[in-house]
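*Asks:* Below you'll find the structure I mean.
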Amino acid sequence: MTARPENAHQARLLRLLRDGGARSRAELSDVVDLSRSKLFVELDRLVTCGLVEQAGLAASRGGRRSGVVRLSQRLRFAGIDIGATSIDVAVTNAELEILGHVAAPCDVREGPDVVLDRALAMVEKLRGEGLFDELHGVGIGVPGPVSFRDGVPVVPPIMPGWDRFPVREVVGQRLGCPVLVDNDVNIMALGELHAGSARSIDDVLLVKIGTGVGCGILVDGEIYRGMSGSAGDIGHVRVDDNGPLCVCGNTGCLEAYFSGAALARDATAAARSGRSPYLAERLDQGAALTAAA
């Protein structure tokens, strides 16, 4: 199994190096609440286990030059985004720069065995391209509520057969590295926090409208999941008791009004009724292309 940080101090040092790049030991001493001797002990442990490496000497700050450390250049991570109708897989280095990416259509309703086998085959495709020899961590996003602690989906409305399926355990055993599983919109919110428009904002609501509707909630820079892990699962909040049928089987859900399928349904109705000549033209063009194929 891949090496992991031994304590909270080491985890904090790894986050600082991930987000800020290489730093001298003196610079790290300025921002962490550790004595210099304790800091050096923790850094040396991270170097010994292969998570951090030496990177030369920093410019002098008036005395001996301090050693520079950075995340190991051999570290590789995989991100697996399982959507309702597709899978995306990417491999990154330690600074989360994308080194390679593949995508493929896939119906999440085929169940966890089929979908995860396909996702892992895509990971192996990237391995075959020489992007990594060993993975040091994997993050998986799924389109439904997740018990983050247990690494399993929990009663996901559009994922039949996935309830309590041990996603983290199965993928971890297959790839031999730590695995985290979360709701896909939570992961999108973390992405914005790390490298997007939320980098300087602590409290954020990120709303995703695609095949489904979801919300990632950041409070004080941390994902808020709620007691059951479904705090942002707004797609199946009922907004109208007499509304249209939703894919989850209930009526009047927010998703039944604003998901991709709902927008396509309403656009088709507007085209066929003559309310939108533009959409009618587009519908005819689509039918012609289908017939020609």
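If you're wondering about the labels, chains in the structure tokens are A, B, ... by order shown, residues count from 1 in each chain, ligands from 1 in order shown.
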When DSSP works through the backbone of this structure, what residues of segment 67-171 of chain A end up as alpha helix (DSSP H), shown as number ranges by chain?
*Replies:* A: 112-128, 167-171
*Asks:* Quick one: everything within 9 Å of segment 122-130 of chain A, counting only C-alpha atoms, minus sequence neighbours fewer than 4 positions away in the same chain. Send it as a PyMOL selection string.
*Replies:* chain A and resi 78+80+87-91+100-104+117-118+134
*Asks:* Using only all heavy atoms, please write the residues we just selected to a file, as a short mmCIF file (atom, residue, chain, number, x, y, z; two decimals), in the first residue's frame.
*Replies:*
```
data_model
loop_
_atom_site.label_atom_id
_atom_site.label_comp_id
_atom_site.auth_asym_id
_atom_site.auth_seq_id
_atom_site.Cartn_x
_atom_site.Cartn_y
_atom_site.Cartn_z
N ALA A 78 -4.91 9.73 -9.56
CA ALA A 78 -5.95 9.59 -10.58
C ALA A 78 -7.25 10.17 -10.07
O ALA A 78 -7.60 10.01 -8.90
CB ALA A 78 -6.14 8.13 -10.97
N ILE A 80 -11.33 10.04 -11.00
CA ILE A 80 -12.34 9.31 -11.77
C ILE A 80 -13.69 9.99 -11.54
O ILE A 80 -14.20 10.01 -10.41
CB ILE A 80 -12.41 7.83 -11.33
CG1 ILE A 80 -11.06 7.13 -11.54
CG2 ILE A 80 -13.51 7.09 -12.10
CD1 ILE A 80 -11.02 5.71 -10.99
N ILE A 87 -17.93 8.62 -18.26
CA ILE A 87 -16.84 8.50 -17.29
C ILE A 87 -15.67 9.31 -17.82
O ILE A 87 -15.32 9.24 -19.00
CB ILE A 87 -16.38 7.04 -17.12
CG1 ILE A 87 -17.52 6.15 -16.67
CG2 ILE A 87 -15.22 6.95 -16.11
CD1 ILE A 87 -17.15 4.67 -16.63
N ASP A 88 -15.05 10.10 -16.94
CA ASP A 88 -13.81 10.80 -17.25
C ASP A 88 -12.74 10.34 -16.27
O ASP A 88 -13.00 10.24 -15.07
CB ASP A 88 -13.99 12.31 -17.13
CG ASP A 88 -14.74 12.91 -18.30
OD1 ASP A 88 -15.98 12.78 -18.32
OD2 ASP A 88 -14.09 13.49 -19.17
N VAL A 89 -11.54 10.08 -16.79
CA VAL A 89 -10.42 9.68 -15.94
C VAL A 89 -9.22 10.54 -16.29
O VAL A 89 -8.92 10.74 -17.47
CB VAL A 89 -10.07 8.19 -16.13
CG1 VAL A 89 -8.83 7.83 -15.30
CG2 VAL A 89 -11.24 7.30 -15.75
N ALA A 90 -8.56 11.07 -15.28
CA ALA A 90 -7.35 11.88 -15.49
C ALA A 90 -6.27 11.43 -14.53
O ALA A 90 -6.56 10.97 -13.42
CB ALA A 90 -7.64 13.37 -15.31
N VAL A 91 -5.01 11.58 -14.95
CA VAL A 91 -3.86 11.33 -14.09
C VAL A 91 -3.13 12.64 -13.90
O VAL A 91 -2.94 13.41 -14.86
CB VAL A 91 -2.92 10.27 -14.70
CG1 VAL A 91 -1.60 10.20 -13.93
CG2 VAL A 91 -3.59 8.91 -14.69
N GLY A 100 -2.67 13.47 -18.30
CA GLY A 100 -3.38 12.73 -19.34
C GLY A 100 -4.83 12.55 -18.96
O GLY A 100 -5.18 12.53 -17.76
N HIS A 101 -5.71 12.42 -19.97
CA HIS A 101 -7.15 12.37 -19.72
C HIS A 101 -7.82 11.53 -20.79
O HIS A 101 -7.47 11.59 -21.97
CB HIS A 101 -7.73 13.80 -19.74
CG HIS A 101 -9.22 13.85 -19.82
ND1 HIS A 101 -9.90 14.21 -20.96
CD2 HIS A 101 -10.18 13.57 -18.89
CE1 HIS A 101 -11.20 14.16 -20.74
NE2 HIS A 101 -11.39 13.77 -19.49
N VAL A 102 -8.77 10.70 -20.36
CA VAL A 102 -9.60 9.93 -21.30
C VAL A 102 -11.05 10.03 -20.85
O VAL A 102 -11.34 10.20 -19.66
CB VAL A 102 -9.17 8.45 -21.39
CG1 VAL A 102 -7.84 8.31 -22.11
CG2 VAL A 102 -9.11 7.80 -20.02
N ALA A 103 -11.98 9.91 -21.80
CA ALA A 103 -13.40 9.97 -21.50
C ALA A 103 -14.13 8.95 -22.36
O ALA A 103 -13.67 8.60 -23.46
CB ALA A 103 -13.95 11.38 -21.76
N ALA A 104 -15.25 8.46 -21.85
CA ALA A 104 -16.04 7.49 -22.60
C ALA A 104 -17.49 7.55 -22.14
O ALA A 104 -17.76 7.83 -20.97
CB ALA A 104 -15.49 6.08 -22.40
N ASP A 117 -15.53 -1.46 -13.60
CA ASP A 117 -14.62 -2.20 -14.50
C ASP A 117 -14.21 -1.31 -15.67
O ASP A 117 -13.04 -1.30 -16.08
CB ASP A 117 -15.29 -3.47 -15.02
CG ASP A 117 -15.21 -4.62 -14.03
OD1 ASP A 117 -14.46 -4.50 -13.04
OD2 ASP A 117 -15.91 -5.63 -14.25
N ARG A 118 -15.17 -0.57 -16.21
CA ARG A 118 -14.87 0.31 -17.34
C ARG A 118 -13.94 1.44 -16.91
O ARG A 118 -12.99 1.79 -17.61
CB ARG A 118 -16.17 0.88 -17.90
CG ARG A 118 -16.04 1.47 -19.31
CD ARG A 118 -17.40 1.64 -19.95
NE ARG A 118 -18.09 0.37 -20.03
CZ ARG A 118 -19.38 0.26 -20.35
NH1 ARG A 118 -20.10 1.34 -20.58
NH2 ARG A 118 -19.96 -0.93 -20.42
N GLU A 134 2.95 3.64 -10.75
CA GLU A 134 2.24 3.39 -9.50
C GLU A 134 1.40 4.60 -9.17
O GLU A 134 1.83 5.73 -9.35
CB GLU A 134 3.25 3.14 -8.37
CG GLU A 134 2.63 2.98 -7.00
CD GLU A 134 3.67 2.94 -5.89
OE1 GLU A 134 4.85 3.22 -6.17
OE2 GLU A 134 3.29 2.64 -4.74
#
```
*Asks:* Taking the DSSP assignment computed from this structure's backbone, write out as number ranges by chain all residues of segment 29-264 of chain A that belong to strand (DSSP E or B).
*Replies:* A: 52-57, 67-71, 77-82, 86-92, 98-105, 137-142, 146-147, 152-153, 179-183, 204-209, 213-219, 222-223, 238, 245, 251, 253
*Asks:* Tell me, as number ranges by chain, which residues lie within 6 Å of segment 196-207 of chain A, counting only C-alpha atoms; anything in the same chain fewer than 2 positions away does not count.
*Replies:* A: 192-194, 214-221
*Asks:* Report as CSV the residues of segment 60-107 of chain A within 7 Å of segment 142-149 of chain A, each with its shortest atom pair and distance in Å (one decimal), using only C-alpha atoms, ordered by chain and increasing residue number.
*Replies:*
```
residue,atom,partner,partner_atom,distance
A:Asp81,CA,A:Val142,CA,6.6
A:Ile82,CA,A:Val142,CA,5.1
A:Gly83,CA,A:Pro143,CA,5.7
A:Ala84,CA,A:Pro143,CA,6.5
```
*Asks:* Could you please take those selected residues and save all heavy atoms as an mmCIF file, in the first residue's frame?
*Replies:*
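The file below, result_23.cif, is the result:
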```cif
data_model
loop_
_atom_site.group_PDB
_atom_site.id
_atom_site.type_symbol
_atom_site.label_atom_id
_atom_site.label_comp_id
_atom_site.auth_asym_id
_atom_site.auth_seq_id
_atom_site.Cartn_x
_atom_site.Cartn_y
_atom_site.Cartn_z
ATOM 1 N N ASP A 81 -14.230 10.560 -12.599
ATOM 2 C CA ASP A 81 -15.529 11.229 -12.529
ATOM 3 C C ASP A 81 -16.562 10.328 -13.179
ATOM 4 O O ASP A 81 -16.561 10.162 -14.404
ATOM 5 C CB ASP A 81 -15.472 12.583 -13.230
ATOM 6 C CG ASP A 81 -16.828 13.281 -13.234
ATOM 7 O OD1 ASP A 81 -17.637 12.984 -12.327
ATOM 8 O OD2 ASP A 81 -17.077 14.098 -14.131
ATOM 9 N N ILE A 82 -17.411 9.727 -12.367
ATOM 10 C CA ILE A 82 -18.492 8.872 -12.871
ATOM 11 C C ILE A 82 -19.752 9.719 -12.948
ATOM 12 O O ILE A 82 -20.304 10.139 -11.915
ATOM 13 C CB ILE A 82 -18.713 7.661 -11.952
ATOM 14 C CG1 ILE A 82 -17.449 6.786 -11.934
ATOM 15 C CG2 ILE A 82 -19.929 6.850 -12.410
ATOM 16 C CD1 ILE A 82 -17.501 5.661 -10.917
ATOM 17 N N GLY A 83 -20.185 10.008 -14.161
ATOM 18 C CA GLY A 83 -21.407 10.776 -14.354
ATOM 19 C C GLY A 83 -22.574 9.865 -14.678
ATOM 20 O O GLY A 83 -22.439 8.636 -14.717
ATOM 21 N N ALA A 84 -23.718 10.453 -14.923
ATOM 22 C CA ALA A 84 -24.892 9.652 -15.256
ATOM 23 C C ALA A 84 -24.740 8.974 -16.603
ATOM 24 O O ALA A 84 -25.219 7.849 -16.805
ATOM 25 C CB ALA A 84 -26.137 10.531 -15.241
#
```
*Asks:* Determine, counting only C-alpha atoms, which protein, DNA and RNA residues have an atom within 12 Å of an atom of Val41 of chain A; residues of the same chain fewer than 4 positions away are not included. Present the result as a list of chain:residue names.
*Replies:*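 Once the nearby chain positions are removed, what remains is A:His9, A:Gln10, A:Leu13, A:Arg25, A:Leu34, A:Ser35, A:Arg36, A:Ser37, A:Arg45, A:Leu46, A:Val47, A:Thr48.
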*Asks:* Residues of the last selection are to be written out with C-alpha atoms, as a short mmCIF file (atom, residue, chain, number, x, y, z; two decimals), in the first residue's frame.
*Replies:*
```cif
data_model
loop_
_atom_site.label_atom_id
_atom_site.label_comp_id
_atom_site.auth_asym_id
_atom_site.auth_seq_id
_atom_site.Cartn_x
_atom_site.Cartn_y
_atom_site.Cartn_z
CA HIS A 9 1.31 17.87 10.93
CA GLN A 10 2.55 15.87 7.96
CA LEU A 13 2.92 20.15 5.26
CA ARG A 25 12.40 24.63 5.42
CA LEU A 34 5.79 23.65 15.08
CA SER A 35 9.20 24.09 16.62
CA ARG A 36 11.99 24.04 14.05
CA SER A 37 13.29 20.73 15.36
CA ARG A 45 9.91 11.37 7.78
CA LEU A 46 8.06 12.52 4.66
CA VAL A 47 11.32 12.36 2.68
CA THR A 48 12.06 8.87 4.01
#
```
*Asks:* Quick one: residues within 12 Å of segment 158-169 of chain A, only C-alpha atoms, excluding same-chain residues fewer than 5 positions away - as a PDB file with C-alpha atoms, in the first residue's frame?
*Replies:*
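result_34.pdb was written with the following content:
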```pdb
ATOM      1  CA  ILE A  80     -12.339   9.305 -11.766  1.00  0.00           C
ATOM      2  CA  ILE A  82     -18.492   8.872 -12.871  1.00  0.00           C
ATOM      3  CA  GLY A  83     -21.407  10.776 -14.354  1.00  0.00           C
ATOM      4  CA  ALA A  84     -24.892   9.652 -15.256  1.00  0.00           C
ATOM      5  CA  THR A  85     -23.942   9.093 -18.900  1.00  0.00           C
ATOM      6  CA  ASP A 107     -24.702   4.600 -18.313  1.00  0.00           C
ATOM      7  CA  VAL A 108     -24.406   4.637 -14.507  1.00  0.00           C
ATOM      8  CA  ARG A 109     -27.584   2.520 -14.380  1.00  0.00           C
ATOM      9  CA  GLU A 110     -25.565  -0.462 -15.634  1.00  0.00           C
ATOM     10  CA  GLY A 111     -24.449  -0.911 -12.046  1.00  0.00           C
ATOM     11  CA  PRO A 112     -21.221  -0.686 -10.083  1.00  0.00           C
ATOM     12  CA  ASP A 113     -19.526  -3.825 -11.396  1.00  0.00           C
ATOM     13  CA  VAL A 114     -19.832  -2.790 -15.039  1.00  0.00           C
ATOM     14  CA  VAL A 115     -19.130   0.900 -14.497  1.00  0.00           C
ATOM     15  CA  LEU A 116     -16.128   0.447 -12.199  1.00  0.00           C
ATOM     16  CA  ASP A 117     -14.623  -2.199 -14.498  1.00  0.00           C
ATOM     17  CA  ALA A 119     -13.358   3.100 -15.236  1.00  0.00           C
ATOM     18  CA  LEU A 120     -10.454   0.909 -14.143  1.00  0.00           C
ATOM     19  CA  GLY A 137      -4.069   8.090  -4.460  1.00  0.00           C
ATOM     20  CA  VAL A 138      -7.390   8.103  -6.299  1.00  0.00           C
ATOM     21  CA  GLY A 139     -10.397  10.407  -5.994  1.00  0.00           C
ATOM     22  CA  ILE A 140     -13.785   9.234  -7.282  1.00  0.00           C
ATOM     23  CA  GLY A 141     -16.863  11.372  -7.849  1.00  0.00           C
ATOM     24  CA  VAL A 142     -20.323   9.834  -8.263  1.00  0.00           C
ATOM     25  CA  PRO A 143     -23.655  11.505  -9.129  1.00  0.00           C
ATOM     26  CA  GLY A 144     -25.424  10.880  -5.842  1.00  0.00           C
ATOM     27  CA  PRO A 145     -25.202  11.141  -2.048  1.00  0.00           C
ATOM     28  CA  VAL A 146     -22.142   9.511  -0.469  1.00  0.00           C
ATOM     29  CA  SER A 147     -21.110   8.475   3.024  1.00  0.00           C
ATOM     30  CA  PHE A 148     -17.678  10.091   2.870  1.00  0.00           C
ATOM     31  CA  ARG A 149     -16.553   8.240   5.992  1.00  0.00           C
ATOM     32  CA  ASP A 150     -17.438   4.825   4.573  1.00  0.00           C
ATOM     33  CA  GLY A 151     -16.680   5.490   0.907  1.00  0.00           C
ATOM     34  CA  VAL A 152     -20.059   4.231  -0.315  1.00  0.00           C
ATOM     35  CA  PRO A 153     -23.027   5.769  -2.169  1.00  0.00           C
ATOM     36  CA  ARG A 174      -7.655  -3.155  -7.448  1.00  0.00           C
ATOM     37  CA  LEU A 175      -5.223  -0.217  -7.601  1.00  0.00           C
ATOM     38  CA  GLY A 176      -3.357  -0.722  -4.330  1.00  0.00           C
ATOM     39  CA  CYS A 177      -3.557   2.869  -3.108  1.00  0.00           C
ATOM     40  CA  PRO A 178      -5.709   5.124  -0.885  1.00  0.00           C
ATOM     41  CA  VAL A 179      -9.087   6.032  -2.382  1.00  0.00           C
ATOM     42  CA  LEU A 180     -11.553   8.801  -1.515  1.00  0.00           C
ATOM     43  CA  VAL A 181     -15.164   8.764  -2.747  1.00  0.00           C
ATOM     44  CA  ASP A 182     -17.459  11.792  -2.719  1.00  0.00           C
ATOM     45  CA  THR A 211     -28.035  15.176 -16.415  1.00  0.00           C
ATOM     46  CA  GLY A 212     -28.900  15.867 -12.783  1.00  0.00           C
ATOM     47  CA  VAL A 213     -28.947  18.908 -10.499  1.00  0.00           C
ATOM     48  CA  ASP A 233     -28.522  16.918  -2.945  1.00  0.00           C
ATOM     49  CA  GLY A 235     -32.065  17.871  -7.295  1.00  0.00           C
ATOM     50  CA  HIS A 236     -34.743  15.750  -5.660  1.00  0.00           C
ATOM     51  CA  CYS A 246     -38.816  12.666 -12.194  1.00  0.00           C
ATOM     52  CA  VAL A 247     -36.390   9.850 -13.040  1.00  0.00           C
ATOM     53  CA  CYS A 248     -36.254   9.010  -9.316  1.00  0.00           C
ATOM     54  CA  GLY A 249     -39.959   8.033  -9.463  1.00  0.00           C
ATOM     55  CA  ASN A 250     -41.312  11.028  -7.557  1.00  0.00           C
ATOM     56  CA  GLU A 255     -34.447  17.993 -11.383  1.00  0.00           C
TER      57      GLU A 255
END
```
*Asks:* Which of these, A:Asp30, A:Asp240, A:Asp184, A:Asp133, has the shortest distance to Leu75 of chain A once you count only C-alpha atoms?
*Replies:*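 Between A:Asp30, A:Asp240, A:Asp184, A:Asp133, the residue approaching Leu75 of chain A most closely is A:Asp133.
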*Asks:* Compare A:Ser66, A:Ser276, A:Asn93, A:Thr290 by their minimum atom-to-atom distance to Gly79 of chain A, counting only C-alpha atoms, and give me the closest one.
*Replies:*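 Residue with the minimum atom-to-atom distance to Gly79 of chain A: A:Asn93.
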*Asks:* Between atom CA of Leu17 of chain A and atom CA of Arg64 of chain A, what distance in Å does the model show, to one decimal?
*Replies:* 22.0 Å
*Asks:* What is the atom CA of Ala22 of chain A-atom CA of Val69 of chain A distance in Å, reported with one decimal?
*Replies:*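 It comes out at 5.6 Å.
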